[in-house]
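K.L.:
Okay, here's the structure, questions in a sec.
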Amino acid sequence: MFKKGLVLVLALAMIMAMFTGCAKPAQAPVEEAPETPAEESKPELSFGMITDIGGLGDKSFNDSAWEGLQKAGKELGVEPVILQSTKQEDYEANIGNMAQSVDLSIAVGYLMEQAMKAGAEQYPDMKFGIIDTVVNAPNVMSVTFKEHEGSFLVGVIAGLTTKSNVVAFVGGMEGPLIEKFEVGFRAGVASVNPNAKVLVNYTGAFDNPDKGKEIAISQFKQKADVIYHASGACGIGVIQAADENDFWAIGVDQDQSSVSKNNKVLCSMIKRVDVGTYTIVKSYADNDFGGGKAIELGLKEEGVGYGDGGNNVPAEIRAVADKAKELVVNGTIIVPQTREELEAFKPVEIK
Amino acid sequence: MESGMNEFKENLIKTLKEIAYPLVAIFISVIAGGILVYAVGKDPIVAYTAMIKGSLGDWNKFGETLVTVTSLILTGLSIAFAFKCNLFNIGVEGQFIMGAIAAVWAGWAFTGLPAVVHLTLTLLSGAFAGGLWASIIGLLKAKVGSHEVINGIMMNYIAMYTSNYLVRTLLNVPGKAYSVDIADTAKLWRFSQAFEQFKHSRLHIGIILSLIAALAAYYILNKTVRGYEIRAVGINPHAAEYGGISVRKNIILSMIVSGLFAGLAGGIMTTGVQYRVNNLFGFTGYGLDGIAVSLVGNNHPIGVILSAFLFGVLQKGGPLMQIQGIPKEVVGIIQGIIILFVAANFVKVVTENIKLNRELKKQTVKEEVE
Amino acid sequence: MEGVGMFTILGIIVTASIRSATPLIFASLGGNFSERSGVFNIGLEGIMTVGAFSAVFFSFKTGSPWAGLLGAMIVGGLFGLLLAFMSIYIKANQVIVGTAINILAASLTTFLLVEIWGRPGQTDNVEYFKAVGPFNIFTYLAFVMVFISYYVLYKTPFGLRVRAVGEHPRAADTLGVNVYAIRYICVIISGILAGIGGASLSIGSMSLFKEGMVAGRGFIALAALIFGKWNPIGAALACLFFGFAVALETVGNNLPVPNEFLNALPYIMTMFAVSGFVGRAVGPAAGGIPYEKGEK
């Protein structure tokens with residue numbers, strides 16, 4: 001009998017828990033009642049962002065995109081919505097989910113290209129944005145970056161900084177995007193230091209810091225003293241290895257100098273994904289949405305560049321980097337994007 | 001007649017009981033998830049409403065859920081089939097990947113074929129690639145005796161890198177991180193082509209194929225001599241060997257069949273949903289999902305269908321929950337709790353223990369009276 | 001690789017092998033205890049994940065990596081207890097419970113990460129065990145643990161009982177061995193060791209927790225355990241072999257092979273080794289089967 005009673009009490013407790021669970025938040029709107037007028041005056045605009053499977057918290061690409069959205073949200077008084085994908089084949093469904101909830105959906109990541117094409121077709125009345133790839137549709141605005149140009153600049157800095165004449169690159173999964181980073185970097189090194197050797201490794205992952213660290217240590221032991229990474233979270237390991245050893249790391253996407261404890265990030269190749277997402281939202285809010293437009297942000301547009309949060313780049317090297325930037329902007333130097341183009345690339349003297 | 005009725009009644013009660021336990025377990029898990037949602041300051045009712053709306057809210061959502069269910073049924077069947085032979089095919093992930101990439105190749109390389117022929121060929125290529133990938137594991141187990149779990153895990157990674165290599169070279173679209181598209185003749189028929197209700201979903205005929213596959217698995221396992229042999233090896237290999245059943249042959253065979261299901265899942269993903277393969281940043285997750293589906297479905301083909309549906313609802317409900325501000329991890333936590341409770345038969349064991357204790361008590365009381 | 005001596009390359013390979021093997025050794029030793037007593041622990045991956053997370057959490061809260069290590073051991077042990085309870089008392093399918101632990105661990109840690117640090121992805125930098133020479137403390141500890149484990153399992157009465165319980169629980173029971181108690185202890189030890197393995201990643205190699213950082217190492221440790229034929233020394237050698245393959249990958253730059261091949265190399269080598277040299281792997285006879293006292 002006692003046991004039965006116990007079960008009953010437990011069951012009751014659970015149901016109670018459930019009800020109290022519902023009751024409390026249900027009261028919330030009542031408490032917030034005075035705020036409802038504010039909600040009415042809210043502009044009729046909503047927007048959100050869909051990430052690829054990497055998701056937020058990468059301290060680079062996705063976080064940067066989200067910053068741009070939040071900045072726009074703050075200015076417009078709107079809370080942006082976020083949807084992080086867990087499977088690649090969900091991209092299309094997620095874009096649909098977002099389009100049903102908000103006016104402007106921004107997909108962040110080149111893998112969502114085909115899904116965006118389908119989504120834009122399915123929801124012709126909604127507006128979309130995509131980062132890192134181009135989708136030709138009247139209701140989609142595309143923003144891409146010239147990562148190779150930014151990588152070229154940090155390549156110049158690395159080529160001038162190295163004392164051992166060996167520098168290195170750590171990539172994530174090999175593919176056309178990461179290739180742009182690698183090739184731009186190698187071209188930059190070759191332009192200022194033709195004798196320098198560039199070691200190249202790919203981790204085969206974007207989420208394995210320990211592997212990034214082992215590869216960086218191995219490159220360091222092979223005499224590399226400046227290591228540039230474009231490998232997502234593996235880069236945390238590269239920077240950790242720099243903290244513990246005598247070499248410089250170069251960060252990627254955002255200024256990563258804060259990741260290093262001992263100020264061992266020489267500089268970072270910055271890709272202003274935040275500018276990209278912000279621009280899309282802003283143009284939409286200003287009724288100037290560039291549907292069907294594709295914007296490519298390079299050095300000229302300040303969409304890529306380098307950041308030196310740790311103040312580690314000496315003035316004379318900075319001067320050369322500035323000169324290199326000038327030459328790229330005015331078209332004297334055309335930075336290669338693929339390995340084939342790199343083969344054909346003739347370094348121009350930077351003076 | 002009378003006895004027939006009774007038998008029917010008994011069977012019904014037995015089945016109801018079998019279903020009741022997991023249902024109670026799911027209920028408990030849902031409440032636990034609700035408490036968690038409440039603990040982070042969100043409304044559980046909003047969360048669950050979003051989950052149901054996001055997965056079953058309208059025909060399109062329902063269609064999208066079934067798209068996921070299709071893959072889950074097939075990978076679940078794959079795991080379940082191997083389990084019947086006491087093999088843990090943790091390599092489903094790799095077989096799925098190989099099936100998907102092989103289907104891209106077949107769907108792209110052949111042109112000018114009639115749709116029926118091309119589609120069949122493409123699906124078969126996918127299934128065959130999965131079967132081949134699995135057969136290596138089966139052969140190594142049967143001939144050398146190396147453990148299927150090790151080789152399965154290793155071959156998952158090898159499959160992922162192989163697929164990425166092919167996407168980057170042979171099947172590459174220049175400058176892109178995805179493969180070429182398959183021809184229209186290799187695409188599965190979509191419901192949106194005939195039904196307005198499914199306009200915004202990618203629901204395709206593959207769901208029917210997956211149900212047929214479940215029936216086929218049931219038939220092979222329960223109605224054929226081969227299935228009997230496979231199960232016999234699974235229950236007791238020594239006894240089976242003694243009874244004249246070749247253990248090695250059945251190990252290889254059940255691995256191949258298991259791989260065929262996984263490869264077909266990948267092939268259907270290509271021909272029905274994606275039409276291409278992306279550069280993979282990591283595992284697709286269908287292998288691990290398949291394990292969960294199979295286990296919650298008690299390794300039974302019909303159970304696999306039901307549990308695939310449950311997991312489909314959970315997964316496809318997730319995005320709308322996220323849009324409502326519920327952390328994406330909540331879905332994963334609820335899934336974990338459900339597996340723990342359902343598959344572990346937690347409710348059954350606890351209730352039976354309570355019953356047992358009560359009976360013991362009664363007995364001791366009786367003895368004391370006497 | 002011109003300009004870099006043979007010895008340098010060799011040095012890189014040796015040290016990188018040992019470092020990469022370290023977390024694997026802990027986890028596979030953990031698996032060893034559990035499976036020797038008859039309980040499959042497919043949840044090693046998940047327990048490593050919670051271990052890595054707890055290590056960072058406790059180091060963050062106290063400022064001492066030692067507290068982090070202790071925290072990882074305790075939380076790892078608790079997850080071991082969960083596995084033990086479900087597979088011994090509830091008699092659930094051990095593969096299921098392990099799978100559930102893996103799914104739970106991944107979601108729970110990312111969930112708590114957001115709750116505690118207020119952002120997803122990764123935690124702040126915390127105090128960690130800095131390398132002493134080419135290795136950190138975990139590497140030295142790992143090798144000590146290998147021999148302790150070997151000694152305990154093969155040279156003590158307790159070890160004899162563990163192996164008996166894993167092979168013939170009924171016979172052991174008849175001889176007065178408490179089958180349940182032995183299994184509980186072994187599975188908890190298994191959780192503690194896997195927890196240390198996770199900690200060696202988060203506060204040894206790194207100084208933070210990043211979601212997904214265990215990256216399949218729990219499963220590879222499982223492979224090493226079988227590769228090493230359920231023997232601590234064998235398992236450690238298997239882990240070193242795997243580490244060696246990873247090390248080869250790090251020096252394989254600028255070779256004329258596709259990067260994907262280099263990335264897959266550790267897995268290919270392991271398969272060849274397992275199938276070519278190890279051969280038939282037969283685990284403890286009672287592995288995976290719940291023990292029922294009154295069973296006939």
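Ordering of the structure tokens sets the chain letters (A, B, ...), residue numbers begin anew at 1 in every chain, and ligands are numbered from 1 in the order given.
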Just need the residues of chain C within 7 Å of chain B, counting only C-alpha atoms, so spit them out as a list in words.
P.N.:
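Result: Ile90, Ala92, Asn93, Ile96, Val97, Ala100, Ile101, Ile103, Leu104, Ser107, Leu108, Thr110, Phe111, Ala223, Glu260, Ala264, Tyr267, Ile268, Met271, Val274, Ser275, Gly279, Arg280 and Ala281 of chain C.
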K.L.:
Residues of chain C no more than 7 Å from chain A, counting only C-alpha atoms: send them over as a ChimeraX atom specification.
P.N.:
/C:4,12,16,119-122,205-206,212-213,215,250-251,253-254,259-260,263
K.L.:
Enumerate, in order of chain and increasing residue number, the residues of chain B with an atom no farther than 6 Å from chain A, each with its shortest atom pair and distance in Å to one decimal, counting only C-alpha atoms, as JSON lines.
P.N.:
```
{"residue": "B:Asp43", "atom": "CA", "partner": "A:Pro25", "partner_atom": "CA", "distance": 5.5}
{"residue": "B:Gly175", "atom": "CA", "partner": "A:Pro176", "partner_atom": "CA", "distance": 5.4}
{"residue": "B:Ala177", "atom": "CA", "partner": "A:Gly175", "partner_atom": "CA", "distance": 5.9}
{"residue": "B:Gln322", "atom": "CA", "partner": "A:Leu83", "partner_atom": "CA", "distance": 5.9}
```
K.L.:
Could you give me, as a ChimeraX atom specification, the residues within 12 Å of Gly292 of chain A, counting only C-alpha atoms and dropping anything in the same chain fewer than 6 positions from it?
P.N.:
/A:117,120,127-130,134-143,280
K.L.:
Mind dumping the selected residues with C-alpha atoms as a CSV table (one decimal), in the first residue's frame?
P.N.:
```csv
chain,number,residue,atom,x,y,z
A,117,LYS,CA,18.7,28.9,-54.5
A,120,ALA,CA,14.6,31.8,-52.8
A,127,LYS,CA,14.1,38.5,-48.9
A,128,PHE,CA,17.3,36.7,-48.4
A,129,GLY,CA,21.0,37.2,-48.0
A,130,ILE,CA,24.0,34.9,-48.4
A,134,VAL,CA,26.8,34.1,-55.0
A,135,VAL,CA,23.2,33.1,-55.6
A,136,ASN,CA,21.6,34.6,-58.7
A,137,ALA,CA,18.0,35.3,-57.7
A,138,PRO,CA,16.0,38.5,-57.7
A,139,ASN,CA,15.4,38.3,-54.0
A,140,VAL,CA,18.8,37.3,-52.8
A,141,MET,CA,21.7,39.6,-52.0
A,142,SER,CA,25.1,38.0,-52.0
A,143,VAL,CA,28.2,39.1,-50.2
A,280,ILE,CA,22.5,43.4,-46.0
```
K.L.:
When you draw a straight line from atom CA of Lys53 of chain B to atom CA of Gly312 of chain B, how long is it in Å?
P.N.:
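That distance, rounded to one decimal, is 13.0 Å.
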K.L.:
Within 8 Å of Ala262 of chain B, counting only C-alpha atoms, which residues qualify if same-chain residues fewer than 4 places away don't, as a list of chain:residue names?
P.N.:
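Residues near the query, excluding close chain neighbours: B:Leu74, B:Thr75, B:Ser78, B:Val92, B:Glu93, B:Gln95, B:Phe96, B:Gly99, B:Ala127, B:Gly130, B:Gly131, B:Ser258, B:Gly266.
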K.L.:
Keeping only N, CA and C atoms, write the selected residues to a file as a PDB file, in the first residue's frame.
P.N.:
```pdb
ATOM      1  N   LEU B  74      15.991   3.667 -42.631  1.00  0.00           N
ATOM      2  CA  LEU B  74      16.956   2.817 -43.325  1.00  0.00           C
ATOM      3  C   LEU B  74      18.232   2.600 -42.506  1.00  0.00           C
ATOM      4  N   THR B  75      18.752   3.664 -41.887  1.00  0.00           N
ATOM      5  CA  THR B  75      19.961   3.448 -41.086  1.00  0.00           C
ATOM      6  C   THR B  75      19.617   2.631 -39.844  1.00  0.00           C
ATOM      7  N   SER B  78      19.480  -0.907 -40.849  1.00  0.00           N
ATOM      8  CA  SER B  78      20.829  -1.389 -41.088  1.00  0.00           C
ATOM      9  C   SER B  78      21.453  -1.881 -39.780  1.00  0.00           C
ATOM     10  N   VAL B  92      27.873   2.175 -40.048  1.00  0.00           N
ATOM     11  CA  VAL B  92      26.767   2.629 -40.888  1.00  0.00           C
ATOM     12  C   VAL B  92      27.037   4.019 -41.461  1.00  0.00           C
ATOM     13  N   GLU B  93      27.629   4.855 -40.638  1.00  0.00           N
ATOM     14  CA  GLU B  93      27.958   6.217 -41.071  1.00  0.00           C
ATOM     15  C   GLU B  93      28.762   6.196 -42.381  1.00  0.00           C
ATOM     16  N   GLN B  95      29.122   3.707 -44.494  1.00  0.00           N
ATOM     17  CA  GLN B  95      28.381   3.066 -45.582  1.00  0.00           C
ATOM     18  C   GLN B  95      27.367   4.036 -46.175  1.00  0.00           C
ATOM     19  N   PHE B  96      26.784   4.863 -45.314  1.00  0.00           N
ATOM     20  CA  PHE B  96      25.855   5.898 -45.764  1.00  0.00           C
ATOM     21  C   PHE B  96      26.583   6.888 -46.683  1.00  0.00           C
ATOM     22  N   GLY B  99      27.407   5.309 -49.990  1.00  0.00           N
ATOM     23  CA  GLY B  99      26.179   5.179 -50.787  1.00  0.00           C
ATOM     24  C   GLY B  99      25.819   6.495 -51.440  1.00  0.00           C
ATOM     25  N   ALA B 127      23.305   1.522 -52.931  1.00  0.00           N
ATOM     26  CA  ALA B 127      23.164   0.364 -52.043  1.00  0.00           C
ATOM     27  C   ALA B 127      24.385  -0.538 -52.163  1.00  0.00           C
ATOM     28  N   GLY B 130      27.413   0.821 -50.379  1.00  0.00           N
ATOM     29  CA  GLY B 130      27.286   0.594 -48.938  1.00  0.00           C
ATOM     30  C   GLY B 130      27.565  -0.855 -48.589  1.00  0.00           C
ATOM     31  N   GLY B 131      27.008  -1.750 -49.395  1.00  0.00           N
ATOM     32  CA  GLY B 131      27.204  -3.183 -49.150  1.00  0.00           C
ATOM     33  C   GLY B 131      28.663  -3.572 -49.271  1.00  0.00           C
ATOM     34  N   SER B 258      23.212  -5.422 -44.140  1.00  0.00           N
ATOM     35  CA  SER B 258      23.194  -4.214 -43.322  1.00  0.00           C
ATOM     36  C   SER B 258      23.768  -3.028 -44.096  1.00  0.00           C
ATOM     37  N   GLY B 266      21.938   6.338 -48.091  1.00  0.00           N
ATOM     38  CA  GLY B 266      22.764   7.378 -48.699  1.00  0.00           C
ATOM     39  C   GLY B 266      22.313   7.670 -50.123  1.00  0.00           C
TER      40      GLY B 266
END
```
K.L.:
Got a sec: who's within 8 Å of segment 70-83 of chain C, counting only C-alpha atoms, leaving out chain neighbours fewer than 3 positions off, as a PyMOL selection string?
P.N.:
chain C and resi 41+47-48+50-55+58+66-67+86-87+94+97-98+101+184+187-196+198-199
K.L.:
Could you jot down the atom CA of Trp230 of chain C to atom CA of Ala232 of chain B separation for me, Å, one decimal place?
P.N.:
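Separation between atom CA of Trp230 of chain C and atom CA of Ala232 of chain B: 27.1 Å.
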K.L.:
Write out as a ChimeraX atom specification the set of residues from segment 57-147 of chain A that DSSP, computed on the backbone, places in strand (DSSP E).
P.N.:
/A:81-84,104-108,127-131,140-145
K.L.:
Export all heavy atoms of the chosen residues as a short mmCIF file (atom, residue, chain, number, x, y, z; two decimals), in the first residue's frame?
P.N.:
```cif
data_model
loop_
_atom_site.label_atom_id
_atom_site.label_comp_id
_atom_site.auth_asym_id
_atom_site.auth_seq_id
_atom_site.Cartn_x
_atom_site.Cartn_y
_atom_site.Cartn_z
N VAL A 81 17.00 36.84 -34.98
CA VAL A 81 16.75 35.44 -34.66
C VAL A 81 17.91 34.61 -35.19
O VAL A 81 18.49 34.94 -36.22
CB VAL A 81 15.44 34.97 -35.34
CG1 VAL A 81 15.16 33.51 -35.04
CG2 VAL A 81 14.28 35.84 -34.89
N ILE A 82 18.26 33.55 -34.45
CA ILE A 82 19.34 32.69 -34.94
C ILE A 82 18.88 31.24 -35.06
O ILE A 82 18.11 30.76 -34.24
CB ILE A 82 20.59 32.77 -34.04
CG1 ILE A 82 21.69 31.84 -34.54
CG2 ILE A 82 20.24 32.39 -32.62
CD1 ILE A 82 22.97 32.51 -34.83
N LEU A 83 19.34 30.58 -36.10
CA LEU A 83 19.01 29.17 -36.29
C LEU A 83 20.29 28.46 -36.72
O LEU A 83 20.86 28.75 -37.77
CB LEU A 83 17.92 29.04 -37.38
CG LEU A 83 17.45 27.66 -37.78
CD1 LEU A 83 17.15 26.80 -36.57
CD2 LEU A 83 16.20 27.77 -38.63
N GLN A 84 20.75 27.55 -35.87
CA GLN A 84 22.01 26.85 -36.16
C GLN A 84 21.71 25.47 -36.72
O GLN A 84 21.02 24.68 -36.09
CB GLN A 84 22.84 26.74 -34.88
CG GLN A 84 23.10 28.10 -34.25
CD GLN A 84 24.02 28.01 -33.06
OE1 GLN A 84 25.16 27.60 -33.18
NE2 GLN A 84 23.53 28.40 -31.90
N LEU A 104 13.60 38.83 -43.51
CA LEU A 104 14.90 38.76 -44.17
C LEU A 104 15.73 37.66 -43.52
O LEU A 104 16.01 37.70 -42.32
CB LEU A 104 15.62 40.10 -44.03
CG LEU A 104 17.07 40.16 -44.48
CD1 LEU A 104 17.21 39.94 -45.97
CD2 LEU A 104 17.71 41.48 -44.07
N SER A 105 16.09 36.65 -44.30
CA SER A 105 16.86 35.53 -43.77
C SER A 105 18.24 35.54 -44.39
O SER A 105 18.37 35.57 -45.62
CB SER A 105 16.19 34.20 -44.10
OG SER A 105 14.81 34.26 -43.84
N ILE A 106 19.25 35.50 -43.56
CA ILE A 106 20.62 35.52 -44.07
C ILE A 106 21.30 34.19 -43.76
O ILE A 106 21.37 33.77 -42.61
CB ILE A 106 21.42 36.67 -43.43
CG1 ILE A 106 20.72 38.00 -43.73
CG2 ILE A 106 22.85 36.69 -43.97
CD1 ILE A 106 21.35 39.18 -43.06
N ALA A 107 21.76 33.53 -44.82
CA ALA A 107 22.47 32.28 -44.65
C ALA A 107 23.96 32.57 -44.66
O ALA A 107 24.45 33.28 -45.53
CB ALA A 107 22.10 31.31 -45.76
N VAL A 108 24.67 32.04 -43.68
CA VAL A 108 26.08 32.34 -43.54
C VAL A 108 26.90 31.09 -43.82
O VAL A 108 26.97 30.18 -43.01
CB VAL A 108 26.37 32.87 -42.12
CG1 VAL A 108 27.83 33.23 -41.98
CG2 VAL A 108 25.51 34.08 -41.83
N LYS A 127 12.78 38.08 -48.52
CA LYS A 127 14.11 38.55 -48.90
C LYS A 127 15.18 37.68 -48.23
O LYS A 127 15.00 37.22 -47.10
CB LYS A 127 14.30 40.00 -48.46
CG LYS A 127 13.30 40.94 -49.11
CD LYS A 127 13.66 41.21 -50.58
CE LYS A 127 12.69 42.14 -51.25
NZ LYS A 127 11.74 41.44 -52.14
N PHE A 128 16.27 37.50 -48.95
CA PHE A 128 17.34 36.65 -48.44
C PHE A 128 18.71 37.30 -48.63
O PHE A 128 18.88 38.15 -49.50
CB PHE A 128 17.33 35.31 -49.17
CG PHE A 128 16.08 34.52 -48.99
CD1 PHE A 128 15.03 34.63 -49.89
CD2 PHE A 128 15.95 33.67 -47.91
CE1 PHE A 128 13.87 33.91 -49.72
CE2 PHE A 128 14.79 32.94 -47.73
CZ PHE A 128 13.75 33.05 -48.64
N GLY A 129 19.65 36.83 -47.82
CA GLY A 129 21.02 37.24 -48.03
C GLY A 129 21.91 36.02 -47.87
O GLY A 129 21.54 35.08 -47.17
N ILE A 130 23.02 35.99 -48.54
CA ILE A 130 23.95 34.87 -48.35
C ILE A 130 25.38 35.39 -48.34
O ILE A 130 25.72 36.34 -49.06
CB ILE A 130 23.74 33.76 -49.41
CG1 ILE A 130 24.56 32.53 -49.04
CG2 ILE A 130 24.07 34.25 -50.82
CD1 ILE A 130 24.07 31.25 -49.64
N ILE A 131 26.18 34.78 -47.48
CA ILE A 131 27.56 35.20 -47.30
C ILE A 131 28.50 34.15 -47.87
O ILE A 131 28.24 32.95 -47.72
CB ILE A 131 27.87 35.36 -45.78
CG1 ILE A 131 26.92 36.36 -45.12
CG2 ILE A 131 29.33 35.74 -45.56
CD1 ILE A 131 27.18 37.80 -45.46
N VAL A 140 17.67 37.67 -53.62
CA VAL A 140 18.82 37.31 -52.79
C VAL A 140 19.95 38.31 -53.01
O VAL A 140 20.28 38.66 -54.14
CB VAL A 140 19.35 35.90 -53.15
CG1 VAL A 140 20.51 35.54 -52.24
CG2 VAL A 140 18.26 34.87 -53.04
N MET A 141 20.53 38.76 -51.90
CA MET A 141 21.69 39.63 -51.99
C MET A 141 22.90 38.82 -51.52
O MET A 141 22.85 38.18 -50.47
CB MET A 141 21.47 40.81 -51.06
CG MET A 141 22.50 41.90 -51.17
SD MET A 141 21.89 43.34 -50.26
CE MET A 141 23.40 44.24 -50.05
N SER A 142 23.96 38.81 -52.32
CA SER A 142 25.12 37.98 -51.99
C SER A 142 26.30 38.85 -51.60
O SER A 142 26.53 39.89 -52.19
CB SER A 142 25.52 37.11 -53.18
OG SER A 142 24.39 36.50 -53.75
N VAL A 143 27.03 38.39 -50.61
CA VAL A 143 28.25 39.10 -50.22
C VAL A 143 29.39 38.09 -50.16
O VAL A 143 29.28 37.06 -49.50
CB VAL A 143 28.10 39.77 -48.84
CG1 VAL A 143 29.41 40.41 -48.42
CG2 VAL A 143 27.00 40.82 -48.87
N THR A 144 30.44 38.36 -50.90
CA THR A 144 31.62 37.49 -50.82
C THR A 144 32.84 38.34 -50.47
O THR A 144 32.78 39.56 -50.50
CB THR A 144 31.89 36.78 -52.17
OG1 THR A 144 31.95 37.76 -53.19
CG2 THR A 144 30.81 35.78 -52.48
N PHE A 145 33.91 37.67 -50.15
CA PHE A 145 35.11 38.36 -49.70
C PHE A 145 36.31 37.93 -50.52
O PHE A 145 36.36 36.80 -51.00
CB PHE A 145 35.37 38.07 -48.22
CG PHE A 145 34.31 38.61 -47.33
CD1 PHE A 145 33.17 37.87 -47.05
CD2 PHE A 145 34.43 39.87 -46.79
CE1 PHE A 145 32.18 38.38 -46.24
CE2 PHE A 145 33.44 40.39 -45.97
CZ PHE A 145 32.31 39.64 -45.70
#
```
